[in-house]
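Chemist: Here you go, one structure.
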Amino acid sequence: DVKIDGPAEGEPLGARGDFRRAMQILTNLIANAVRYSPPGGAVWIRCEREGDLAALIVADQGKGIAEADQQRIFEKFERVDPREPGGTGLGLYIARRLARAMGGDLAVDSAPGQGARFILTLPAA
């Protein structure tokens, strides 16, 4: 019961990297965004150019991530709240490593009560 609002058609943004690995990252980010958004909420997916980088942003309306937890969630087996149902704590760890192996990065911008924005950057094509 979560709406996904994707980028407009006809606005391609080329990036260099392995297509299957980039899709693996995006699948993880979108699945997390849907999982942590409330029923009736929305997930936004946007593409932007940032200098020589292509950025894909996945934003949700979830409960947000405290600043103290924002680096920890990219570590192996770490989750914001291990009591919540969900994954193993490997998804973001693997996603960031894949992004960095392709010359990009994966970052988060969030605050409690404000949802989360995950930004995947890759070298622009």
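In the structure tokens, the first chain shown is A, the next is B, and so on; residue numbers restart at 1 for each chain, and ligands run from 1 in the order shown.
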What parts of chain A does DSSP call helix (DSSP H, G or I)? I'd like the answer as a ChimeraX atom specification.
Modeler: /A:19-36,67-69,72-74,91-101
Chemist: What lies within 6 Å of A:Phe118 using only C-alpha atoms, ignoring chain neighbours under 4 positions off, as a list in words?
Modeler: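 In the requested form, the answer reads Ile57, Val58, Ala107 and Val108 of chain A.
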Chemist: Can you write out as CSV which residues of stretch 4-81 of chain A fall within 10 Å of stretch 89-99 of chain A, alongside each residue's closest atom pair and its distance in Å to one decimal, counting only C-alpha atoms and ordering rows by chain and ascending residue number?
Modeler:
```
residue,atom,partner,partner_atom,distance
A:Gly17,CA,A:Ala99,CA,8.5
A:Asp18,CA,A:Leu98,CA,9.3
A:Arg21,CA,A:Leu98,CA,6.8
A:Ala22,CA,A:Ala99,CA,7.5
A:Gln24,CA,A:Ala95,CA,7.5
A:Ile25,CA,A:Ala95,CA,5.0
A:Leu26,CA,A:Ala95,CA,8.5
A:Thr27,CA,A:Ala95,CA,9.8
A:Asn28,CA,A:Gly91,CA,6.4
A:Leu29,CA,A:Leu92,CA,8.0
A:Asn32,CA,A:Gly91,CA,9.0
A:Arg72,CA,A:Tyr93,CA,9.5
A:Ile73,CA,A:Leu92,CA,6.8
A:Phe74,CA,A:Tyr93,CA,4.5
A:Glu75,CA,A:Tyr93,CA,5.3
A:Lys76,CA,A:Leu90,CA,5.5
A:Phe77,CA,A:Gly89,CA,4.0
A:Glu78,CA,A:Gly89,CA,4.7
A:Arg79,CA,A:Gly89,CA,5.3
A:Val80,CA,A:Gly89,CA,9.0
```
Chemist: From a DSSP calculation on the backbone, collect every residue of stretch 8-119 of chain A in strand (DSSP E) and output the set as a PDB file with N, CA, C and O atoms, in the first residue's frame.
Modeler:
```pdb
ATOM      1  N   ALA A  42       4.482   7.120   0.344  1.00  0.00           N
ATOM      2  CA  ALA A  42       5.064   7.168  -0.996  1.00  0.00           C
ATOM      3  C   ALA A  42       6.577   7.048  -0.924  1.00  0.00           C
ATOM      4  O   ALA A  42       7.198   7.427   0.066  1.00  0.00           O
ATOM      5  N   VAL A  43       7.131   6.534  -1.991  1.00  0.00           N
ATOM      6  CA  VAL A  43       8.571   6.463  -2.200  1.00  0.00           C
ATOM      7  C   VAL A  43       8.858   7.247  -3.475  1.00  0.00           C
ATOM      8  O   VAL A  43       8.170   7.067  -4.479  1.00  0.00           O
ATOM      9  N   TRP A  44       9.838   8.139  -3.412  1.00  0.00           N
ATOM     10  CA  TRP A  44      10.211   8.939  -4.581  1.00  0.00           C
ATOM     11  C   TRP A  44      11.553   8.473  -5.098  1.00  0.00           C
ATOM     12  O   TRP A  44      12.478   8.253  -4.322  1.00  0.00           O
ATOM     13  N   ILE A  45      11.654   8.387  -6.418  1.00  0.00           N
ATOM     14  CA  ILE A  45      12.908   8.031  -7.069  1.00  0.00           C
ATOM     15  C   ILE A  45      13.216   9.151  -8.061  1.00  0.00           C
ATOM     16  O   ILE A  45      12.387   9.470  -8.918  1.00  0.00           O
ATOM     17  N   ARG A  46      14.379   9.756  -7.925  1.00  0.00           N
ATOM     18  CA  ARG A  46      14.758  10.876  -8.784  1.00  0.00           C
ATOM     19  C   ARG A  46      16.194  10.708  -9.261  1.00  0.00           C
ATOM     20  O   ARG A  46      17.015  10.107  -8.563  1.00  0.00           O
ATOM     21  N   CYS A  47      16.481  11.279 -10.426  1.00  0.00           N
ATOM     22  CA  CYS A  47      17.827  11.281 -10.992  1.00  0.00           C
ATOM     23  C   CYS A  47      18.302  12.721 -11.096  1.00  0.00           C
ATOM     24  O   CYS A  47      17.532  13.600 -11.486  1.00  0.00           O
ATOM     25  N   GLU A  48      19.565  12.955 -10.753  1.00  0.00           N
ATOM     26  CA  GLU A  48      20.150  14.291 -10.832  1.00  0.00           C
ATOM     27  C   GLU A  48      21.598  14.175 -11.264  1.00  0.00           C
ATOM     28  O   GLU A  48      22.248  13.174 -10.999  1.00  0.00           O
ATOM     29  N   ARG A  49      22.081  15.227 -11.872  1.00  0.00           N
ATOM     30  CA  ARG A  49      23.494  15.293 -12.217  1.00  0.00           C
ATOM     31  C   ARG A  49      24.178  16.162 -11.173  1.00  0.00           C
ATOM     32  O   ARG A  49      23.695  17.249 -10.853  1.00  0.00           O
ATOM     33  N   GLU A  50      25.269  15.673 -10.600  1.00  0.00           N
ATOM     34  CA  GLU A  50      26.047  16.426  -9.611  1.00  0.00           C
ATOM     35  C   GLU A  50      27.489  16.487 -10.096  1.00  0.00           C
ATOM     36  O   GLU A  50      28.287  15.611  -9.781  1.00  0.00           O
ATOM     37  N   LEU A  53      29.153  13.367 -11.598  1.00  0.00           N
ATOM     38  CA  LEU A  53      28.466  12.197 -11.048  1.00  0.00           C
ATOM     39  C   LEU A  53      26.992  12.188 -11.450  1.00  0.00           C
ATOM     40  O   LEU A  53      26.352  13.228 -11.549  1.00  0.00           O
ATOM     41  N   ALA A  54      26.487  10.983 -11.662  1.00  0.00           N
ATOM     42  CA  ALA A  54      25.052  10.771 -11.822  1.00  0.00           C
ATOM     43  C   ALA A  54      24.541  10.301 -10.461  1.00  0.00           C
ATOM     44  O   ALA A  54      25.130   9.410  -9.851  1.00  0.00           O
ATOM     45  N   ALA A  55      23.478  10.911  -9.975  1.00  0.00           N
ATOM     46  CA  ALA A  55      22.932  10.557  -8.663  1.00  0.00           C
ATOM     47  C   ALA A  55      21.509  10.042  -8.813  1.00  0.00           C
ATOM     48  O   ALA A  55      20.697  10.644  -9.519  1.00  0.00           O
ATOM     49  N   LEU A  56      21.227   8.937  -8.179  1.00  0.00           N
ATOM     50  CA  LEU A  56      19.883   8.410  -8.119  1.00  0.00           C
ATOM     51  C   LEU A  56      19.463   8.463  -6.646  1.00  0.00           C
ATOM     52  O   LEU A  56      20.167   7.949  -5.779  1.00  0.00           O
ATOM     53  N   ILE A  57      18.347   9.104  -6.387  1.00  0.00           N
ATOM     54  CA  ILE A  57      17.880   9.336  -5.018  1.00  0.00           C
ATOM     55  C   ILE A  57      16.619   8.520  -4.789  1.00  0.00           C
ATOM     56  O   ILE A  57      15.678   8.583  -5.592  1.00  0.00           O
ATOM     57  N   VAL A  58      16.602   7.765  -3.699  1.00  0.00           N
ATOM     58  CA  VAL A  58      15.420   7.017  -3.277  1.00  0.00           C
ATOM     59  C   VAL A  58      15.029   7.560  -1.912  1.00  0.00           C
ATOM     60  O   VAL A  58      15.804   7.466  -0.961  1.00  0.00           O
ATOM     61  N   ALA A  59      13.845   8.174  -1.833  1.00  0.00           N
ATOM     62  CA  ALA A  59      13.391   8.804  -0.591  1.00  0.00           C
ATOM     63  C   ALA A  59      12.097   8.154  -0.119  1.00  0.00           C
ATOM     64  O   ALA A  59      11.234   7.824  -0.931  1.00  0.00           O
ATOM     65  N   ASP A 105      29.387   5.982  -4.818  1.00  0.00           N
ATOM     66  CA  ASP A 105      29.194   5.884  -3.367  1.00  0.00           C
ATOM     67  C   ASP A 105      27.709   5.748  -3.080  1.00  0.00           C
ATOM     68  O   ASP A 105      26.859   5.932  -3.961  1.00  0.00           O
ATOM     69  N   LEU A 106      27.412   5.443  -1.838  1.00  0.00           N
ATOM     70  CA  LEU A 106      26.042   5.379  -1.349  1.00  0.00           C
ATOM     71  C   LEU A 106      26.012   6.106  -0.019  1.00  0.00           C
ATOM     72  O   LEU A 106      26.803   5.809   0.877  1.00  0.00           O
ATOM     73  N   ALA A 107      25.123   7.086   0.097  1.00  0.00           N
ATOM     74  CA  ALA A 107      25.022   7.897   1.305  1.00  0.00           C
ATOM     75  C   ALA A 107      23.565   7.997   1.734  1.00  0.00           C
ATOM     76  O   ALA A 107      22.657   7.686   0.961  1.00  0.00           O
ATOM     77  N   VAL A 108      23.365   8.459   2.967  1.00  0.00           N
ATOM     78  CA  VAL A 108      22.012   8.662   3.484  1.00  0.00           C
ATOM     79  C   VAL A 108      21.902  10.072   4.044  1.00  0.00           C
ATOM     80  O   VAL A 108      22.863  10.619   4.582  1.00  0.00           O
ATOM     81  N   ASP A 109      20.711  10.623   3.906  1.00  0.00           N
ATOM     82  CA  ASP A 109      20.365  11.917   4.471  1.00  0.00           C
ATOM     83  C   ASP A 109      19.026  11.701   5.166  1.00  0.00           C
ATOM     84  O   ASP A 109      18.041  11.365   4.508  1.00  0.00           O
ATOM     85  N   SER A 110      19.001  11.855   6.492  1.00  0.00           N
ATOM     86  CA  SER A 110      17.783  11.537   7.221  1.00  0.00           C
ATOM     87  C   SER A 110      17.778  12.217   8.583  1.00  0.00           C
ATOM     88  O   SER A 110      18.819  12.675   9.069  1.00  0.00           O
ATOM     89  N   ALA A 116      13.817   9.030   5.036  1.00  0.00           N
ATOM     90  CA  ALA A 116      15.230   8.880   4.674  1.00  0.00           C
ATOM     91  C   ALA A 116      15.389   9.060   3.176  1.00  0.00           C
ATOM     92  O   ALA A 116      14.511   8.705   2.398  1.00  0.00           O
ATOM     93  N   ARG A 117      16.535   9.620   2.799  1.00  0.00           N
ATOM     94  CA  ARG A 117      16.933   9.761   1.394  1.00  0.00           C
ATOM     95  C   ARG A 117      18.248   9.026   1.221  1.00  0.00           C
ATOM     96  O   ARG A 117      19.230   9.376   1.869  1.00  0.00           O
ATOM     97  N   PHE A 118      18.246   8.026   0.370  1.00  0.00           N
ATOM     98  CA  PHE A 118      19.489   7.325   0.039  1.00  0.00           C
ATOM     99  C   PHE A 118      19.927   7.790  -1.334  1.00  0.00           C
ATOM    100  O   PHE A 118      19.127   7.846  -2.266  1.00  0.00           O
ATOM    101  N   ILE A 119      21.203   8.178  -1.449  1.00  0.00           N
ATOM    102  CA  ILE A 119      21.734   8.739  -2.676  1.00  0.00           C
ATOM    103  C   ILE A 119      22.831   7.835  -3.208  1.00  0.00           C
ATOM    104  O   ILE A 119      23.889   7.688  -2.581  1.00  0.00           O
TER     105      ILE A 119
END
```
